[in-house]
file input28.cif (mmCIF, C-alpha atoms)
data_structure
loop_
_atom_site.label_atom_id
_atom_site.label_comp_id
_atom_site.auth_asym_id
_atom_site.auth_seq_id
_atom_site.Cartn_x
_atom_site.Cartn_y
_atom_site.Cartn_z
CA MET W 1 101.41 7.35 163.90
CA SER W 2 103.07 4.16 162.95
CA GLN W 3 100.42 3.70 160.24
CA GLU W 4 101.17 7.14 158.63
CA SER W 5 104.85 6.38 158.82
CA SER W 6 104.31 3.14 157.09
CA ASN W 7 102.20 4.83 154.39
CA SER W 8 104.86 7.43 153.74
CA ASP W 9 107.51 4.78 153.65
CA GLY W 10 105.45 3.00 151.01
CA LEU W 11 105.63 5.95 148.51
CA THR W 12 107.80 5.62 145.53
CA ASP W 13 110.60 8.07 144.80
CA ALA W 14 108.63 9.60 141.88
CA GLN W 15 105.62 10.26 144.10
CA LYS W 16 107.81 11.86 146.74
CA ALA W 17 109.42 14.12 144.12
CA ARG W 18 106.02 15.23 142.78
CA ILE W 19 104.80 16.03 146.31
CA ASP W 20 107.91 18.08 146.95
CA ARG W 21 107.48 20.05 143.70
CA ASN W 22 103.85 20.83 144.55
CA ARG W 23 104.86 22.04 148.00
CA GLN W 24 107.53 24.34 146.56
CA LYS W 25 105.09 25.71 143.97
CA ALA W 26 102.49 26.48 146.66
CA LEU W 27 105.07 28.32 148.76
CA TYR W 28 106.16 30.36 145.72
CA LEU W 29 102.61 31.40 144.88
CA LYS W 30 101.96 32.35 148.49
CA ASN W 31 105.06 34.52 148.66
CA ALA W 32 104.25 36.16 145.28
CA LYS W 33 100.87 37.38 146.60
CA LEU W 34 102.59 39.08 149.52
CA VAL W 35 105.06 41.02 147.30
CA ALA W 36 103.71 44.21 145.61
CA HIS W 37 104.01 44.49 141.82
CA PRO W 38 107.10 46.57 140.99
CA TYR W 39 105.15 49.04 138.77
CA ALA W 40 101.63 48.78 140.19
CA LYS W 41 99.57 51.93 140.63
CA SER W 42 99.57 51.49 144.38
CA VAL W 43 103.31 52.10 144.54
CA GLU W 44 104.11 55.69 145.41
CA GLU W 45 105.61 57.97 142.81
CA GLY W 46 108.86 58.10 144.73
CA GLU W 47 109.35 54.37 144.36
CA LYS W 48 108.85 54.38 140.58
CA SER W 49 111.75 54.40 138.16
CA ILE W 50 110.56 56.65 135.30
CA ILE W 51 112.66 57.27 132.19
CA LYS W 52 111.91 59.93 129.55
CA ILE W 53 112.93 59.16 125.97
CA GLN W 54 112.15 61.73 123.21
CA GLY W 55 109.23 63.15 125.16
CA SER W 56 107.69 59.75 126.07
CA ARG W 57 107.64 58.39 129.62
CA PHE W 58 108.67 54.80 130.31
CA VAL W 59 108.53 52.79 133.55
CA ASP W 60 111.35 50.41 134.38
CA SER W 61 109.62 47.12 135.11
CA GLY W 62 112.70 45.74 136.81
CA GLY W 63 112.54 42.73 134.56
CA GLY W 64 114.85 43.99 131.87
CA PHE W 65 112.32 45.90 129.72
CA LEU W 66 110.53 49.27 129.72
CA ILE W 67 106.80 49.87 129.71
CA GLU W 68 105.44 53.06 128.13
CA GLU W 69 103.38 54.99 130.64
CA GLU W 70 99.90 55.91 129.47
CA ILE W 71 99.14 59.60 129.76
CA ALA W 72 95.58 60.39 130.65
CA LYS W 73 93.85 62.73 128.21
CA PRO W 74 92.69 66.11 129.46
CA GLY W 75 89.29 65.86 131.14
CA GLU W 76 89.43 62.11 131.94
CA LYS W 77 91.03 59.96 134.64
CA SER W 78 93.23 56.90 134.28
CA ASN W 79 91.55 53.55 133.56
CA ALA W 80 93.00 52.16 136.82
CA GLN W 81 90.81 54.54 138.80
CA GLY W 82 87.72 52.99 137.29
CA THR W 83 85.97 56.32 136.70
CA SER W 84 86.07 58.90 133.95
CA GLU W 85 85.12 62.52 134.10
CA GLU W 86 82.83 64.07 131.57
CA ILE W 87 84.82 65.61 128.72
CA ILE W 88 84.41 69.35 128.56
CA ASP W 89 84.17 70.70 125.04
CA ASP W 90 85.79 74.12 125.18
CA ALA W 91 85.64 74.74 121.42
CA ILE W 92 84.30 78.13 120.40
CA ASP W 93 81.52 78.15 117.84
CA LEU W 94 82.52 80.57 115.08
CA PRO W 95 79.68 82.26 113.20
CA ILE W 96 79.45 81.25 109.53
CA THR W 97 78.31 83.87 107.04
CA TYR W 98 76.17 82.58 104.21
CA ASP W 99 75.79 84.41 100.90
CA GLU W 100 72.88 84.20 98.52
CA CYS W 101 73.57 83.05 94.98
CA MET W 102 72.57 85.57 92.31
CA GLU W 103 71.50 82.78 89.97
CA CYS W 104 69.57 80.25 92.08
CA ALA W 105 69.02 82.25 95.31
CA ASP W 106 70.39 79.38 97.41
CA LYS W 107 72.57 80.04 100.43
CA PHE W 108 76.23 79.00 100.31
CA ALA W 109 79.21 79.36 102.64
CA GLU W 110 81.94 79.68 100.01
CA SER W 111 82.51 79.38 96.26
CA TYR W 112 85.24 79.95 93.69
CA LEU W 113 83.80 83.19 92.33
CA MET W 114 83.13 84.54 95.82
CA ASN W 115 86.60 83.71 97.11
CA HIS W 116 88.54 85.08 94.11
CA PHE W 117 86.31 87.85 92.71
CA ASN W 118 83.86 88.65 95.51
CA TYR W 119 81.04 87.71 93.12
CA PRO W 120 78.10 85.97 94.87
CA VAL W 121 77.52 82.92 92.66
CA CYS W 122 77.71 79.35 93.96
CA ASP W 123 79.84 76.68 92.31
CA ASN W 124 76.77 74.86 90.97
CA CYS W 125 75.70 77.91 88.94
CA ARG W 126 79.17 78.91 87.77
CA ASP W 127 79.46 79.09 83.96
CA SER W 128 83.19 79.41 83.35
CA ASP W 129 82.86 79.15 79.54
CA ASP W 130 80.32 81.91 78.93
CA LYS W 131 78.64 84.02 81.57
CA HIS W 132 81.43 83.83 84.12
CA SER W 133 84.38 83.67 81.75
CA LEU W 134 87.64 85.50 82.40
CA ILE W 135 89.35 88.23 80.38
CA THR W 136 92.93 89.45 80.44
CA LYS W 137 93.74 92.97 81.54
CA THR W 138 95.12 93.85 78.09
CA ASP W 139 91.95 92.74 76.30
CA ALA W 140 89.75 94.48 78.86
CA LYS W 141 91.51 97.82 78.31
CA LYS W 142 91.42 97.44 74.52
CA GLU W 143 87.85 96.18 74.15
CA TYR W 144 86.19 98.37 76.76
CA LEU W 145 88.54 101.40 76.54
CA LEU W 146 89.44 101.25 80.22
CA GLN W 147 92.55 102.53 81.94
CA ASP W 148 94.53 101.16 84.87
CA CYS W 149 92.89 103.62 87.24
CA ASP W 150 89.44 102.36 86.19
CA LEU W 151 90.37 98.84 87.26
CA GLU W 152 92.58 99.46 90.28
CA LYS W 153 91.69 102.88 91.73
CA ARG W 154 87.97 103.33 91.07
CA GLU W 155 85.90 102.03 93.99
CA PRO W 156 85.58 99.17 94.50
CA PRO W 157 88.85 97.94 92.93
CA LEU W 158 88.23 94.86 90.82
CA LYS W 159 89.74 91.60 92.04
CA TYR W 160 91.76 89.39 89.72
CA ILE W 161 93.81 86.20 89.64
CA VAL W 162 97.33 85.80 88.27
CA ARG W 163 98.24 83.03 85.83
CA LYS W 164 101.26 82.12 83.70
CA ASN W 165 101.13 83.25 80.09
CA PRO W 166 100.19 80.15 78.05
CA HIS W 167 101.81 81.51 74.87
CA ASN W 168 105.29 81.91 76.35
CA VAL W 169 106.36 81.10 79.90
CA ARG W 170 109.11 83.73 79.65
CA TRP W 171 106.59 86.53 79.28
CA GLY W 172 105.08 88.24 82.27
CA GLU W 173 102.19 86.80 84.23
CA MET W 174 98.64 87.58 83.12
CA LYS W 175 96.03 89.31 85.25
CA LEU W 176 92.62 87.74 84.66
CA TYR W 177 89.43 89.62 85.54
CA LEU W 178 85.85 88.42 85.63
CA HIS W 179 84.29 89.40 82.29
CA VAL W 180 80.91 90.37 83.71
CA GLN W 181 82.57 92.72 86.22
CA ILE W 182 84.58 94.37 83.42
CA GLU W 183 81.38 95.01 81.46
CA LYS W 184 79.77 96.56 84.52
CA ARG W 185 82.79 98.79 85.12
CA ALA W 186 82.77 99.93 81.48
CA LEU W 187 79.15 101.05 81.85
CA GLU W 188 80.12 103.00 84.96
CA VAL W 189 82.91 104.76 83.06
CA TRP W 190 81.13 105.46 79.75
CA GLY W 191 77.54 105.65 80.93
CA SER W 192 76.00 103.41 78.26
CA GLU W 193 76.84 100.90 75.56
CA GLU W 194 75.96 103.47 72.88
CA ARG W 195 78.50 105.92 74.26
CA LEU W 196 81.15 103.21 74.33
CA ARG W 197 80.34 102.27 70.73
CA GLU W 198 80.61 105.90 69.60
CA GLU W 199 83.98 106.23 71.30
CA HIS W 200 85.16 103.10 69.53
CA GLU W 201 84.09 104.49 66.16
CA LEU W 202 85.73 107.85 66.87
CA ARG W 203 89.01 106.24 67.80
CA ASP W 204 88.90 103.94 64.78
CA GLU W 205 88.34 106.95 62.53
CA LYS W 206 91.27 108.82 64.05
CA ARG W 207 93.44 105.77 63.70
CA GLU W 208 92.51 105.40 60.04
CA LYS W 209 93.23 109.06 59.30
CA SER W 210 96.58 108.76 60.98
CA LYS W 211 97.46 105.77 58.81
CA ILE W 212 96.47 107.61 55.62
CA LYS W 213 98.45 110.69 56.59
CA LYS W 214 101.52 108.62 57.32
CA TYR W 215 101.18 106.80 54.01
CA ASN W 216 100.84 110.03 52.00
CA LYS W 217 103.89 111.46 53.72
CA GLN W 218 105.95 108.42 52.82
CA MET W 219 104.80 108.52 49.18
CA LYS W 220 105.57 112.24 48.93
CA GLN W 221 109.08 111.68 50.19
CA LEU W 222 109.52 108.84 47.71
CA ARG W 223 108.47 111.04 44.76
CA MET W 224 110.87 113.77 45.82
CA ASP W 225 113.70 111.28 46.01
CA MET W 226 112.88 109.96 42.55
CA ARG W 227 112.80 113.44 40.96
CA SER W 228 116.04 114.50 42.54
CA SER W 229 117.74 111.36 41.22
CA LEU W 230 116.80 112.40 37.64
CA TYR W 231 118.79 115.60 37.92
CA ASP W 232 121.98 115.42 35.85
CA LYS W 233 124.74 116.51 38.17
CA THR W 234 127.36 116.48 35.39
CA SER W 235 125.55 119.10 33.36
CA ALA W 236 124.76 121.09 36.44
CA ALA W 237 128.45 121.40 37.22
CA SER W 238 129.04 123.72 34.23
CA HIS W 239 126.03 125.88 34.92
CA THR W 240 124.41 127.15 38.10
CA HIS W 241 120.71 127.76 37.67
CA ASN W 242 119.23 131.03 38.61
CA PHE W 243 115.59 130.21 39.27
CA GLY W 244 112.87 132.75 39.11
CA PRO W 245 109.78 132.94 41.31
CA GLU W 246 108.07 129.63 42.07
CA THR W 247 104.55 128.78 41.00
CA TYR W 248 102.15 126.62 43.04
CA ASN W 249 100.27 123.84 41.20
CA GLU W 250 97.08 123.25 43.13
CA ASP W 251 96.11 120.08 41.24
CA ASP W 252 99.33 118.23 42.06
CA ASP W 253 100.19 120.07 45.27
CA THR W 254 103.60 120.87 43.77
CA TYR W 255 105.70 123.94 43.04
CA THR W 256 107.47 124.91 39.79
CA HIS W 257 110.22 127.40 39.06
CA THR W 258 112.25 128.12 35.90
CA CYS W 259 115.89 128.99 35.44
CA LEU W 260 116.22 132.53 34.11
CA THR W 261 119.36 131.61 32.19
CA CYS W 262 118.67 128.24 30.49
CA LYS W 263 114.91 128.08 30.94
CA TYR W 264 115.25 124.79 32.85
CA THR W 265 112.02 124.05 34.70
CA GLU W 266 112.01 122.18 37.97
CA THR W 267 108.95 120.82 39.77
CA PHE W 268 109.17 120.03 43.47
CA GLU W 269 107.12 119.56 46.59
CA LYS W 270 107.39 121.16 49.96
CA MET W 271 107.16 119.18 53.18
#
call {"tool": "encode", "arguments": {"input": "input28.cif", "output": "structure tokens"}}
result
Amino acid sequence: MSQESSNSDGLTDAQKARIDRNRQKALYLKNAKLVAHPYAKSVEEGEKSIIKIQGSRFVDSGGGFLIEEEIAKPGEKSNAQGTSEEIIDDAIDLPITYDECMECADKFAESYLMNHFNYPVCDNCRDSDDKHSLITKTDAKKEYLLQDCDLEKREPPLKYIVRKNPHNVRWGEMKLYLHVQIEKRALEVWGSEERLREEHELRDEKREKSKIKKYNKQMKQLRMDMRSSLYDKTSAASHTHNFGPETYNEDDDTYTHTCLTCKYTETFEKM
């Protein structure tokens, strides 16, 4: 005992201080193992201090900062439990309808022509410049002699897309139809291309006759105005003509009558 006392008395002050620090550190570590972590999973829910901020859950660590609580995803347990359940896929498989392309006979789920015009052609076979070009409603009615009821009421009604008028944005929007569907509808209305061509010629002939008739009527009115302007009103003031029966001139399509008093002859036309 005297030997240990002598050994301890032989330590320097620095060695004694280091031994004391090691002893205090060991006691601190021992006590720390006995104290439960303030936000460990083993602590009951009642002992937790949980704060909700904008829908998120935070745990007060007690050390002056918050820890965001991890929310387990549906179908799996927390990582602390060491196990995970098998995820159940409750998605419903929706049936997909495939259409057959009229050009290449391949199957496709969707395409531009099918979505907008109900025309079964895939995007790879779409020829927007020629075979599958678009035509305005005005041109379709004029070129194929169709009416609104032929496009909108006759079954099945033709689908169209609406676009801004490229010539003037202030004008109304254009309705664009699929050209090939317009041609098919015209054959349904007129029966054949020959019948459509005959109707075009008949309408052109009627239109031409109407123009000629209107022109002749205008010229006839002009001639009558010119002849009436040649009449001398000053001389007519001193004499009132007493015309006899009128005579029809078949060559000129005019009428002539003569004054019984002064033999003045007047030629005129009747409307």
call {"tool": "resolve_selection", "arguments": {"input": "input28.cif", "expression": "the PyMOL selection byres ((chain W and resi 258) around 9)", "output": "number ranges by chain"}}
result
W: 241-246, 256-257, 259-267
call {"tool": "write_last_selection", "arguments": {"input": "input28.cif", "atoms": "C-alpha atoms", "output": "compact mmCIF listing (two decimals), keeping the file's coordinate frame"}}
result
# COMPACT_ATOMS: atom_id res chain seq x y z
CA HIS W 241 120.71 127.76 37.67
CA ASN W 242 119.23 131.03 38.61
CA PHE W 243 115.59 130.21 39.27
CA GLY W 244 112.87 132.75 39.11
CA PRO W 245 109.78 132.94 41.31
CA GLU W 246 108.07 129.63 42.07
CA THR W 256 107.47 124.91 39.79
CA HIS W 257 110.22 127.40 39.06
CA CYS W 259 115.89 128.99 35.44
CA LEU W 260 116.22 132.53 34.11
CA THR W 261 119.36 131.61 32.19
CA CYS W 262 118.67 128.24 30.49
CA LYS W 263 114.91 128.08 30.94
CA TYR W 264 115.25 124.79 32.85
CA THR W 265 112.02 124.05 34.70
CA GLU W 266 112.01 122.18 37.97
CA THR W 267 108.95 120.82 39.77
call {"tool": "resolve_selection", "arguments": {"input": "input28.cif", "expression": "the PyMOL selection byres ((chain W and resi 159-172) around 12)", "output": "number ranges by chain"}}
result
W: 112-119, 134-137, 151-158, 173-179, 181-182
call {"tool": "closest_residue", "arguments": {"input": "input28.cif", "among": "W:Leu145, W:Cys104, W:Asp253, W:Glu188", "to": "W:Leu202", "atoms": "all atoms listed in the file"}}
result
W:Leu145
call {"tool": "resolve_selection", "arguments": {"input": "input28.cif", "expression": "the PyMOL selection byres ((chain W and resi 269) around 12)", "output": "PyMOL selection string"}}
result
chain W and resi 217+219-228+246-250+252-257+266-268+270-271
call {"tool": "atom_distance", "arguments": {"input": "input28.cif", "atom1": "atom CA of W:Met102", "atom2": "atom CA of W:Pro120"}}
result
6.1 Å
call {"tool": "atom_distance", "arguments": {"input": "input28.cif", "atom1": "atom CA of W:Ser192", "atom2": "atom CA of W:Tyr144"}}
result
11.5 Å
call {"tool": "atom_distance", "arguments": {"input": "input28.cif", "atom1": "atom CA of W:Asp150", "atom2": "atom CA of W:Glu198"}}
result
19.1 Å
call {"tool": "closest_residue", "arguments": {"input": "input28.cif", "among": "W:Ala186, W:Ile67, W:Ala109, W:Cys125", "to": "W:Leu146", "atoms": "only C-alpha atoms"}}
result
W:Ala186
call {"tool": "axis_aligned_box", "arguments": {"input": "input28.cif", "around": "stretch 177-193 of chain W", "padding_each_side": "6 Å", "output": "JSON"}}
result
{"center_x": 82.7, "center_y": 97.0, "center_z": 80.9, "size_x": 25.4, "size_y": 29.2, "size_z": 22.7}
call {"tool": "closest_residue", "arguments": {"input": "input28.cif", "among": "W:Lys209, W:Arg18, W:His132, W:His200", "to": "W:Val180", "atoms": "all atoms listed in the file"}}
result
W:His132
